[in-house]
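Below is data-v5.pdb, holding PDB, C-alpha atoms.
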MODEL        1
ATOM      1  CA  MET A 361     -84.411  17.107  -9.609
ATOM      2  CA  LYS A 362     -82.685  20.428  -9.151
ATOM      3  CA  VAL A 363     -80.311  20.181  -6.189
ATOM      4  CA  LEU A 364     -78.678  23.283  -4.699
ATOM      5  CA  ILE A 365     -75.278  22.482  -3.148
ATOM      6  CA  SER A 366     -73.157  24.562  -0.791
ATOM      7  CA  GLY A 367     -69.527  23.466  -0.602
ATOM      8  CA  ALA A 368     -69.887  22.112  -4.141
ATOM      9  CA  SER A 369     -66.203  22.634  -4.963
ATOM     10  CA  GLY A 370     -65.058  20.388  -2.108
ATOM     11  CA  LEU A 371     -64.240  16.690  -2.227
ATOM     12  CA  VAL A 372     -67.738  15.422  -1.391
ATOM     13  CA  GLY A 373     -69.544  18.234  -3.215
ATOM     14  CA  THR A 374     -67.694  17.520  -6.467
ATOM     15  CA  GLU A 375     -68.482  13.786  -6.256
ATOM     16  CA  LEU A 376     -72.110  14.493  -5.366
ATOM     17  CA  ALA A 377     -72.586  16.826  -8.338
ATOM     18  CA  SER A 378     -70.996  14.257 -10.652
ATOM     19  CA  GLN A 379     -73.279  11.469  -9.431
ATOM     20  CA  LEU A 380     -76.356  13.688  -9.667
ATOM     21  CA  ARG A 381     -75.564  14.569 -13.301
ATOM     22  CA  ALA A 382     -75.000  10.886 -14.117
ATOM     23  CA  LEU A 383     -78.489  10.144 -12.788
ATOM     24  CA  GLY A 384     -80.058  12.894 -14.918
ATOM     25  CA  HIS A 385     -80.468  15.463 -12.138
ATOM     26  CA  GLN A 386     -79.335  19.100 -12.231
ATOM     27  CA  PRO A 387     -76.890  20.223  -9.517
ATOM     28  CA  LEU A 388     -76.640  23.964  -8.840
ATOM     29  CA  ARG A 389     -73.521  25.258  -7.109
ATOM     30  CA  LEU A 390     -73.509  28.101  -4.603
ATOM     31  CA  THR A 391     -70.559  30.441  -5.135
ATOM     32  CA  ARG A 392     -69.218  33.504  -3.338
ATOM     33  CA  SER A 393     -67.917  34.989  -6.603
ATOM     34  CA  THR A 394     -69.835  36.291  -9.592
ATOM     35  CA  PRO A 395     -71.616  33.338 -11.295
ATOM     36  CA  LYS A 396     -69.967  32.360 -14.579
ATOM     37  CA  SER A 397     -72.459  29.739 -15.749
ATOM     38  CA  ALA A 398     -76.134  28.830 -15.474
ATOM     39  CA  ASP A 399     -75.428  26.208 -12.810
ATOM     40  CA  GLU A 400     -73.930  28.734 -10.364
ATOM     41  CA  VAL A 401     -75.836  30.803  -7.796
ATOM     42  CA  PHE A 402     -74.366  33.716  -5.827
ATOM     43  CA  TRP A 403     -74.444  33.864  -2.054
ATOM     44  CA  ASN A 404     -72.498  35.465   0.781
ATOM     45  CA  PRO A 405     -72.990  33.364   3.922
ATOM     46  CA  ALA A 406     -70.777  35.608   6.044
ATOM     47  CA  ALA A 407     -73.251  38.418   5.393
ATOM     48  CA  GLY A 408     -76.331  36.177   5.336
ATOM     49  CA  GLN A 409     -77.032  36.936   1.669
ATOM     50  CA  LEU A 410     -78.980  34.484  -0.511
ATOM     51  CA  ASP A 411     -82.010  35.343  -2.656
ATOM     52  CA  PRO A 412     -84.959  33.299  -1.273
ATOM     53  CA  THR A 413     -86.472  33.015  -4.762
ATOM     54  CA  VAL A 414     -83.636  30.618  -5.614
ATOM     55  CA  MET A 415     -85.230  28.128  -3.220
ATOM     56  CA  GLU A 416     -88.494  28.205  -5.169
ATOM     57  CA  SER A 417     -86.868  26.574  -8.191
ATOM     58  CA  VAL A 418     -85.024  23.718  -6.458
ATOM     59  CA  ASP A 419     -86.210  20.367  -5.118
ATOM     60  CA  ALA A 420     -83.463  19.797  -2.551
ATOM     61  CA  VAL A 421     -80.666  21.638  -0.760
ATOM     62  CA  VAL A 422     -77.432  19.961   0.351
ATOM     63  CA  ASN A 423     -75.325  21.899   2.842
ATOM     64  CA  LEU A 424     -71.652  20.883   2.790
ATOM     65  CA  ALA A 425     -70.040  24.297   3.347
ATOM     66  CA  GLY A 426     -67.427  24.852   6.018
ATOM     67  CA  ALA A 427     -63.747  25.614   6.525
ATOM     68  CA  THR A 428     -61.616  22.467   6.475
ATOM     69  CA  THR A 429     -60.701  20.857   9.785
ATOM     70  CA  GLY A 430     -57.603  19.453   8.068
ATOM     71  CA  LYS A 431     -55.696  22.744   8.332
ATOM     72  CA  ILE A 432     -53.599  22.209  11.427
ATOM     73  CA  PRO A 433     -52.640  23.225  14.034
ATOM     74  CA  TRP A 434     -55.900  24.894  15.070
ATOM     75  CA  THR A 435     -55.339  28.381  16.406
ATOM     76  CA  LYS A 436     -58.126  30.049  18.399
ATOM     77  CA  LYS A 437     -58.754  32.289  15.383
ATOM     78  CA  TYR A 438     -59.028  29.324  13.018
ATOM     79  CA  MET A 439     -61.312  27.432  15.384
ATOM     80  CA  ARG A 440     -63.613  30.443  15.265
ATOM     81  CA  GLU A 441     -63.473  30.286  11.463
ATOM     82  CA  ILE A 442     -64.309  26.555  11.483
ATOM     83  CA  ALA A 443     -67.367  27.267  13.628
ATOM     84  CA  ASP A 444     -68.551  30.470  11.942
ATOM     85  CA  SER A 445     -68.250  29.037   8.435
ATOM     86  CA  ARG A 446     -70.643  26.209   9.352
ATOM     87  CA  ILE A 447     -73.171  28.108  11.432
ATOM     88  CA  ASN A 448     -73.317  31.124   9.095
ATOM     89  CA  SER A 449     -73.729  28.947   6.003
ATOM     90  CA  THR A 450     -76.474  26.863   7.597
ATOM     91  CA  THR A 451     -78.332  29.882   8.965
ATOM     92  CA  THR A 452     -78.205  31.623   5.573
ATOM     93  CA  LEU A 453     -79.670  28.564   3.819
ATOM     94  CA  VAL A 454     -82.351  28.055   6.466
ATOM     95  CA  ASN A 455     -83.422  31.711   6.352
ATOM     96  CA  ALA A 456     -83.724  31.554   2.557
ATOM     97  CA  ILE A 457     -85.737  28.308   2.727
ATOM     98  CA  ASN A 458     -88.098  29.732   5.337
ATOM     99  CA  ALA A 459     -88.585  32.968   3.350
ATOM    100  CA  ALA A 460     -89.405  31.138   0.106
ATOM    101  CA  LYS A 461     -93.063  30.785  -0.930
ATOM    102  CA  ASN A 462     -92.550  27.340  -2.432
ATOM    103  CA  LYS A 463     -89.939  25.573  -0.362
ATOM    104  CA  PRO A 464     -87.574  22.757  -1.399
ATOM    105  CA  LYS A 465     -88.732  19.352  -0.216
ATOM    106  CA  VAL A 466     -85.638  18.579   1.814
ATOM    107  CA  LEU A 467     -82.518  20.068   3.392
ATOM    108  CA  VAL A 468     -79.648  17.610   3.793
ATOM    109  CA  SER A 469     -77.300  19.395   6.153
ATOM    110  CA  GLY A 470     -73.788  18.430   7.142
ATOM    111  CA  SER A 471     -72.878  17.450  10.677
ATOM    112  CA  ALA A 472     -70.038  15.294  11.976
ATOM    113  CA  SER A 473     -69.094  12.249  13.990
ATOM    114  CA  GLY A 474     -67.446  14.750  16.324
ATOM    115  CA  ILE A 475     -70.836  15.266  17.982
ATOM    116  CA  TYR A 476     -70.181  12.073  19.970
ATOM    117  CA  GLY A 477     -66.786  13.126  21.309
ATOM    118  CA  ASP A 478     -64.191  10.568  22.447
ATOM    119  CA  ARG A 479     -66.150   7.434  23.445
ATOM    120  CA  GLY A 480     -63.648   4.568  23.614
ATOM    121  CA  ASP A 481     -65.170   1.182  22.711
ATOM    122  CA  GLU A 482     -68.799   2.305  23.124
ATOM    123  CA  TRP A 483     -71.058   1.581  20.137
ATOM    124  CA  LEU A 484     -72.520   4.852  18.838
ATOM    125  CA  ASP A 485     -75.787   5.195  16.972
ATOM    126  CA  GLU A 486     -77.918   8.248  16.250
ATOM    127  CA  SER A 487     -79.617   8.010  19.663
ATOM    128  CA  SER A 488     -76.285   8.221  21.512
ATOM    129  CA  SER A 489     -75.782  11.281  23.689
ATOM    130  CA  LYS A 490     -73.731  14.329  22.777
ATOM    131  CA  GLY A 491     -70.092  14.126  23.817
ATOM    132  CA  GLU A 492     -67.607  16.739  24.998
ATOM    133  CA  GLY A 493     -65.141  19.002  23.200
ATOM    134  CA  PHE A 494     -64.964  21.670  20.524
ATOM    135  CA  LEU A 495     -66.238  19.518  17.653
ATOM    136  CA  SER A 496     -69.064  18.082  19.751
ATOM    137  CA  ASP A 497     -70.281  21.537  20.744
ATOM    138  CA  LEU A 498     -69.957  22.751  17.168
ATOM    139  CA  ALA A 499     -71.864  19.815  15.645
ATOM    140  CA  PHE A 500     -74.631  20.274  18.216
ATOM    141  CA  GLU A 501     -75.065  23.960  17.293
ATOM    142  CA  TRP A 502     -74.740  23.133  13.582
ATOM    143  CA  GLU A 503     -77.594  20.620  13.783
ATOM    144  CA  LYS A 504     -79.699  22.991  15.877
ATOM    145  CA  ALA A 505     -79.363  25.671  13.176
ATOM    146  CA  ALA A 506     -80.369  23.219  10.416
ATOM    147  CA  ASN A 507     -83.401  21.988  12.333
ATOM    148  CA  LYS A 508     -84.938  25.462  12.128
ATOM    149  CA  ALA A 509     -85.700  24.902   8.414
ATOM    150  CA  ASP A 510     -89.399  24.668   7.611
ATOM    151  CA  THR A 511     -89.011  21.533   5.484
ATOM    152  CA  ARG A 512     -87.836  17.933   5.882
ATOM    153  CA  VAL A 513     -84.366  18.027   7.468
ATOM    154  CA  VAL A 514     -81.763  15.252   7.228
ATOM    155  CA  LEU A 515     -78.565  15.583   9.277
ATOM    156  CA  VAL A 516     -75.608  13.655   7.870
ATOM    157  CA  ARG A 517     -73.015  12.911  10.540
ATOM    158  CA  THR A 518     -69.943  12.514   8.370
ATOM    159  CA  THR A 519     -66.754  10.611   9.112
ATOM    160  CA  LEU A 520     -63.331  10.007   7.543
ATOM    161  CA  VAL A 521     -63.815   9.879   3.756
ATOM    162  CA  MET A 522     -61.782   7.274   1.872
ATOM    163  CA  SER A 523     -61.029   8.782  -1.538
ATOM    164  CA  ARG A 524     -58.740   8.304  -4.528
ATOM    165  CA  LYS A 525     -58.142  12.050  -4.249
ATOM    166  CA  LEU A 526     -56.842  11.275  -0.745
ATOM    167  CA  GLY A 527     -58.723  13.951   1.220
ATOM    168  CA  ALA A 528     -58.202  13.162   4.930
ATOM    169  CA  LEU A 529     -55.543  10.578   3.996
ATOM    170  CA  GLY A 530     -53.546  13.126   2.042
ATOM    171  CA  LYS A 531     -50.868  13.781   4.683
ATOM    172  CA  LEU A 532     -50.600  10.112   5.611
ATOM    173  CA  MET A 533     -50.366   8.423   2.217
ATOM    174  CA  PRO A 534     -46.935   9.768   1.170
ATOM    175  CA  LEU A 535     -45.465   8.415   4.434
ATOM    176  CA  LEU A 536     -47.199   5.061   3.945
ATOM    177  CA  LYS A 537     -45.825   4.789   0.412
ATOM    178  CA  LEU A 538     -42.332   5.415   1.779
ATOM    179  CA  GLY A 539     -42.833   2.777   4.475
ATOM    180  CA  ILE A 540     -42.272   5.233   7.324
ATOM    181  CA  ALA A 541     -45.761   5.337   8.833
ATOM    182  CA  GLY A 542     -47.614   3.443  11.518
ATOM    183  CA  PRO A 543     -50.458   3.686  14.038
ATOM    184  CA  LEU A 544     -51.185   7.046  15.652
ATOM    185  CA  GLY A 545     -51.032   6.953  19.420
ATOM    186  CA  SER A 546     -52.135   3.592  20.790
ATOM    187  CA  GLY A 547     -53.778   2.730  17.458
ATOM    188  CA  LYS A 548     -56.695   1.270  19.436
ATOM    189  CA  GLN A 549     -58.978   4.245  18.807
ATOM    190  CA  TRP A 550     -61.895   3.531  16.468
ATOM    191  CA  TRP A 551     -61.950   5.497  13.216
ATOM    192  CA  ALA A 552     -65.339   5.718  11.546
ATOM    193  CA  TRP A 553     -64.912   5.783   7.755
ATOM    194  CA  ILE A 554     -66.816   5.675   4.441
ATOM    195  CA  SER A 555     -65.763   5.660   0.785
ATOM    196  CA  LEU A 556     -66.277   8.888  -1.151
ATOM    197  CA  GLU A 557     -68.515   7.093  -3.640
ATOM    198  CA  ASP A 558     -70.749   5.733  -0.870
ATOM    199  CA  GLN A 559     -70.861   9.121   0.867
ATOM    200  CA  ALA A 560     -72.361  10.807  -2.198
ATOM    201  CA  ARG A 561     -74.626   7.821  -2.922
ATOM    202  CA  ALA A 562     -75.942   7.959   0.648
ATOM    203  CA  ILE A 563     -76.755  11.676   0.367
ATOM    204  CA  ILE A 564     -78.715  11.070  -2.850
ATOM    205  CA  HIS A 565     -80.504   8.128  -1.208
ATOM    206  CA  LEU A 566     -81.546  10.358   1.706
ATOM    207  CA  ILE A 567     -82.783  13.059  -0.690
ATOM    208  CA  GLU A 568     -84.894  10.595  -2.649
ATOM    209  CA  ASN A 569     -86.435   8.766   0.332
ATOM    210  CA  GLU A 570     -89.133  11.008   1.746
ATOM    211  CA  SER A 571     -89.443   8.925   4.904
ATOM    212  CA  CYS A 572     -85.875   9.772   5.929
ATOM    213  CA  SER A 573     -85.389  12.629   8.380
ATOM    214  CA  GLY A 574     -83.255  13.472  11.385
ATOM    215  CA  PRO A 575     -79.656  12.338  11.992
ATOM    216  CA  TYR A 576     -77.891   9.603  10.018
ATOM    217  CA  ASN A 577     -74.408   8.253  10.680
ATOM    218  CA  LEU A 578     -72.624   8.174   7.307
ATOM    219  CA  THR A 579     -70.183   5.421   8.126
ATOM    220  CA  ALA A 580     -69.449   2.022   6.615
ATOM    221  CA  PRO A 581     -70.901  -1.012   8.455
ATOM    222  CA  GLU A 582     -67.476  -2.518   9.242
ATOM    223  CA  PRO A 583     -65.732  -0.649  12.060
ATOM    224  CA  ALA A 584     -61.946  -0.317  12.132
ATOM    225  CA  THR A 585     -59.353   0.897  14.577
ATOM    226  CA  CYS A 586     -56.626   3.303  13.527
ATOM    227  CA  ALA A 587     -54.089   0.451  13.606
ATOM    228  CA  GLU A 588     -56.300  -1.766  11.435
ATOM    229  CA  MET A 589     -56.735   0.958   8.843
ATOM    230  CA  ILE A 590     -53.018   1.773   8.732
ATOM    231  CA  HIS A 591     -52.176  -1.940   8.493
ATOM    232  CA  GLU A 592     -54.614  -2.539   5.619
ATOM    233  CA  LEU A 593     -53.303   0.476   3.683
ATOM    234  CA  GLY A 594     -49.742  -0.763   4.207
ATOM    235  CA  ARG A 595     -50.680  -4.332   3.244
ATOM    236  CA  GLN A 596     -52.202  -3.282  -0.069
ATOM    237  CA  LEU A 597     -49.331  -0.875  -0.736
ATOM    238  CA  LYS A 598     -46.874  -3.647   0.223
ATOM    239  CA  ARG A 599     -45.166  -1.319   2.700
ATOM    240  CA  PRO A 600     -44.303  -1.800   6.408
ATOM    241  CA  THR A 601     -46.327   0.084   9.028
ATOM    242  CA  PHE A 602     -44.210  -0.336  12.153
ATOM    243  CA  ILE A 603     -43.341   3.259  13.039
ATOM    244  CA  ARG A 604     -45.829   4.296  15.708
ATOM    245  CA  VAL A 605     -46.412   8.019  16.318
ATOM    246  CA  PRO A 606     -46.619   8.714  20.096
ATOM    247  CA  SER A 607     -49.712  10.521  21.386
ATOM    248  CA  LEU A 608     -47.595  13.054  23.305
ATOM    249  CA  ALA A 609     -45.668  14.041  20.187
ATOM    250  CA  MET A 610     -48.922  14.535  18.263
ATOM    251  CA  LYS A 611     -50.418  16.677  21.012
ATOM    252  CA  LEU A 612     -47.270  18.815  21.178
ATOM    253  CA  LEU A 613     -47.047  19.275  17.399
ATOM    254  CA  ILE A 614     -50.714  19.473  16.444
ATOM    255  CA  GLY A 615     -52.452  20.500  19.664
ATOM    256  CA  ILE A 616     -56.187  20.119  20.168
ATOM    257  CA  ALA A 617     -56.712  18.888  16.587
ATOM    258  CA  ALA A 618     -54.733  15.745  17.439
ATOM    259  CA  GLU A 619     -57.085  14.899  20.297
ATOM    260  CA  GLU A 620     -60.306  15.761  18.447
ATOM    261  CA  LEU A 621     -59.509  14.363  14.997
ATOM    262  CA  LEU A 622     -56.902  11.614  15.256
ATOM    263  CA  LEU A 623     -56.704  10.240  18.773
ATOM    264  CA  CYS A 624     -60.395  10.259  19.698
ATOM    265  CA  SER A 625     -62.336   7.009  19.407
ATOM    266  CA  GLN A 626     -65.751   6.756  17.705
ATOM    267  CA  LYS A 627     -67.136   3.262  17.073
ATOM    268  CA  MET A 628     -70.162   4.178  14.981
ATOM    269  CA  LYS A 629     -73.097   2.203  13.593
ATOM    270  CA  SER A 630     -74.907   3.000  10.343
ATOM    271  CA  HIS A 631     -78.040   0.985  11.044
ATOM    272  CA  ARG A 632     -80.496   3.861  10.352
ATOM    273  CA  LEU A 633     -78.995   4.215   6.885
ATOM    274  CA  THR A 634     -79.053   0.502   6.078
ATOM    275  CA  GLU A 635     -82.560   0.094   7.532
ATOM    276  CA  SER A 636     -83.746   2.784   5.104
ATOM    277  CA  GLY A 637     -82.681   0.513   2.220
ATOM    278  CA  PHE A 638     -79.217   1.861   1.442
ATOM    279  CA  GLU A 639     -76.645  -0.669   0.219
ATOM    280  CA  PHE A 640     -72.920   0.099   0.429
ATOM    281  CA  LYS A 641     -70.665  -0.485  -2.553
ATOM    282  CA  HIS A 642     -67.625  -0.603  -0.254
ATOM    283  CA  PRO A 643     -68.857  -2.063   3.053
ATOM    284  CA  THR A 644     -65.525  -3.514   4.230
ATOM    285  CA  LEU A 645     -62.189  -1.871   4.974
ATOM    286  CA  ARG A 646     -60.425  -4.109   2.448
ATOM    287  CA  GLU A 647     -62.839  -3.081  -0.322
ATOM    288  CA  SER A 648     -62.618   0.590   0.556
ATOM    289  CA  VAL A 649     -58.808   0.617   0.639
ATOM    290  CA  GLY A 650     -58.828  -1.202  -2.710
ATOM    291  CA  TYR A 651     -61.108   1.544  -4.044
ATOM    292  CA  VAL A 652     -58.750   4.265  -2.762
ATOM    293  CA  LEU A 653     -55.671   2.642  -4.292
ATOM    294  CA  SER A 654     -57.258   1.617  -7.618
TER     295      SER A 654
ENDMDL
END
Write-out of the structure in structure tokens:
Amino acid sequence: MKVLISGASGLVGTELASQLRALGHQPLRLTRSTPKSADEVFWNPAAGQLDPTVMESVDAVVNLAGATTGKIPWTKKYMREIADSRINSTTTLVNAINAAKNKPKVLVSGSASGIYGDRGDEWLDESSSKGEGFLSDLAFEWEKAANKADTRVVLVRTTLVMSRKLGALGKLMPLLKLGIAGPLGSGKQWWAWISLEDQARAIIHLIENESCSGPYNLTAPEPATCAEMIHELGRQLKRPTFIRVPSLAMKLLIGIAAEELLLCSQKMKSHRLTESGFEFKHPTLRESVGYVLS
């Protein structure tokens, strides 16, 4: 297959392209600069520019583009950038797909666990209602834009990615290694998570399975609270994890990002993914932390 990827230089995009090549497929990377190789394709999502004929030569499109939510604190200007980067990228891809004579067979478009908002101990599957907050509203609009594509659409609701390259754990790991970290807030909030390897494998699985469409929670089958994740990281690092970070301090220092990213609780199920035949390589927290630290 030829697979066109937006956000190909990011953590997940890089892993996805690597796995696709290992399987004998051909990933093509969208770039905002002048293409320097045959596997690069120019686009300008801010201006809505992408040649529709590109879509006629690819089998699948994977949309991972968007400004990082890890840049904190979120100013009003940066929140606008987070939103615009996702909606503009998705709309540009959808318009190109719909204008193409021979369309790709599938669009796998990014979404996020944030669509559910802060839900405490409630189990969340793909039929669960939309929540409240900035990320919930954004994910809702993001999915709505993707669903306008005139092809099979898969919406991947992504979660915290456990990676050797650290990713979302990047700011936390140095503190853990020094033994000066601990649960954030109460630590009782549920953190949905998935290993980087499984994230890319799941996307490829959803591309290849023509019966798959609609939203899929990309989260490992074993749920974990913030405290459980911090404890397991500390246990495998052989470091203490006793220093709790108060919720009030996080809200004062980080603002809305603390509430929407770190303190909110999302106890997610991945049953649609597993029912489609996907098997996780790192289904448990212990295995995933071992993968991160290996």
Notebook entry, point to check: What is the distance between atom CA of A:Ala427 and atom CA of A:Leu380, in Å to one decimal?
Noted result: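 Going from atom CA of A:Ala427 over to atom CA of A:Leu380, I get 23.7 Å.
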Notebook entry, point to check: If you apply the PyMOL selection byres ((chain A and resi 504-515) around 10) to this file, what residues do you get, as a ChimeraX atom specification?
Noted result: /A:420-423,446-460,463-472,498-503,516-518,563,566-567,570-578
Would you kindly return, as a short mmCIF file (atom, residue, chain, number, x, y, z; two decimals) with C-alpha atoms, keeping the file's coordinate frame, each protein, DNA or RNA residue with an atom no farther than 7 Å from any atom of A:Leu556, considering all atoms listed in the file and excluding same-chain residues fewer than 6 positions away?
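Written out: around.cif:
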data_model
loop_
_atom_site.label_atom_id
_atom_site.label_comp_id
_atom_site.auth_asym_id
_atom_site.auth_seq_id
_atom_site.Cartn_x
_atom_site.Cartn_y
_atom_site.Cartn_z
CA VAL A 372 -67.74 15.42 -1.39
CA VAL A 521 -63.82 9.88 3.76
CA MET A 522 -61.78 7.27 1.87
CA SER A 523 -61.03 8.78 -1.54
#
Notebook entry, point to check: Contacts of A:His631 at 12 Å or less, counting all atoms listed in the file, minus same-chain residues fewer than 6 places along, as a ChimeraX atom specification?
Noted result: /A:483-487,575-582,637-640
Checklist line | Residue nearest A:Lys641 among A:Asn569, A:Ala382, A:Thr601, A:Ala562 (counting only C-alpha atoms) | finding: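 Among the listed residues, the smallest separation from A:Lys641 belongs to A:Ala562.
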Expand the PyMOL selection byres ((chain A and resi 390) around 6) into the individual residues it matches in the shown file, reporting them as a compact mmCIF listing (two decimals) with C-alpha atoms, in the coordinates of the input.
# COMPACT_ATOMS: atom_id res chain seq x y z
CA SER A 366 -73.16 24.56 -0.79
CA ARG A 389 -73.52 25.26 -7.11
CA THR A 391 -70.56 30.44 -5.14
CA GLU A 400 -73.93 28.73 -10.36
CA VAL A 401 -75.84 30.80 -7.80
CA PHE A 402 -74.37 33.72 -5.83
Note to self: I'd like the residues picked by the PyMOL selection byres ((chain A and resi 594) around 10) written out as a list in words, using the chain letters and numbers from the file.
What the structure shows: Met533, Leu536, Lys537, Leu538, Gly539, Ala541, Gly542, Glu588, Met589, Ile590, His591, Glu592, Leu593, Arg595, Gln596, Leu597, Lys598, Arg599, Pro600, Thr601, Phe602 and Val649 of chain A
Check: Counting all atoms listed in the file, what is within 6 Å of stretch 543-551 of chain A, bar same-chain residues fewer than 4 positions away, as a PyMOL selection string?
Finding: chain A and resi 584-587+604-607+625-627
Check: Of the residues A:Val418, A:Trp434, A:Ser648, A:Leu613, which is the one nearest to A:Leu520, using only C-alpha atoms?
Finding: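 So, comparing all the options, the nearest one is A:Ser648.
The coordinates place atom CA of A:Ile603 at 20.9 Å from atom CA of A:Leu526.
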Item checked: Point-to-point distance from atom CA of A:Leu645 to atom CA of A:Arg381, Å rounded to tenths ->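 Between atom CA of A:Leu645 and atom CA of A:Arg381 the gap is 28.0 Å.
Shortest separation to A:Val363 among A:Glu568, A:Asp481, A:Glu492, A:Glu441 occurs at residue A:Glu568, atoms counted being all atoms listed in the file.
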Check: Nearest to A:Lys525: which of A:Ser555, A:Thr428, A:Asn462, A:Thr394 is it, counting all atoms listed in the file?
Finding: A:Ser555
Check: Taking into account all atoms listed in the file, which residue in the set A:Phe494, A:Ser445, A:Pro405, A:Ser488 is nearest to A:Ala617?
Finding: A:Phe494
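Distances from A:Gly480, A:Gly493, A:Gly408, A:Pro534 to A:Met628 were compared using all atoms listed in the file, and the smallest one belongs to A:Gly480.
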Next item on the list: Skip A:Ile614 itself and residues of its chain fewer than 6 positions away, then list as an MDAnalysis selection string all residues within 10 Å of it, counting all atoms listed in the file.
Entry: chainID A and resid 432:434 608
Kindly list the centre and edge lengths in Å, rounded to one decimal, for the axis-aligned box that covers all listed atoms of stretch 628-638 of chain A plus 5 Å on each of its six sides, as lines of an AutoDock Vina configuration file.
center_x = -77.0
center_y = 2.2
center_z = 8.2
size_x = 23.6
size_y = 14.1
size_z = 23.5
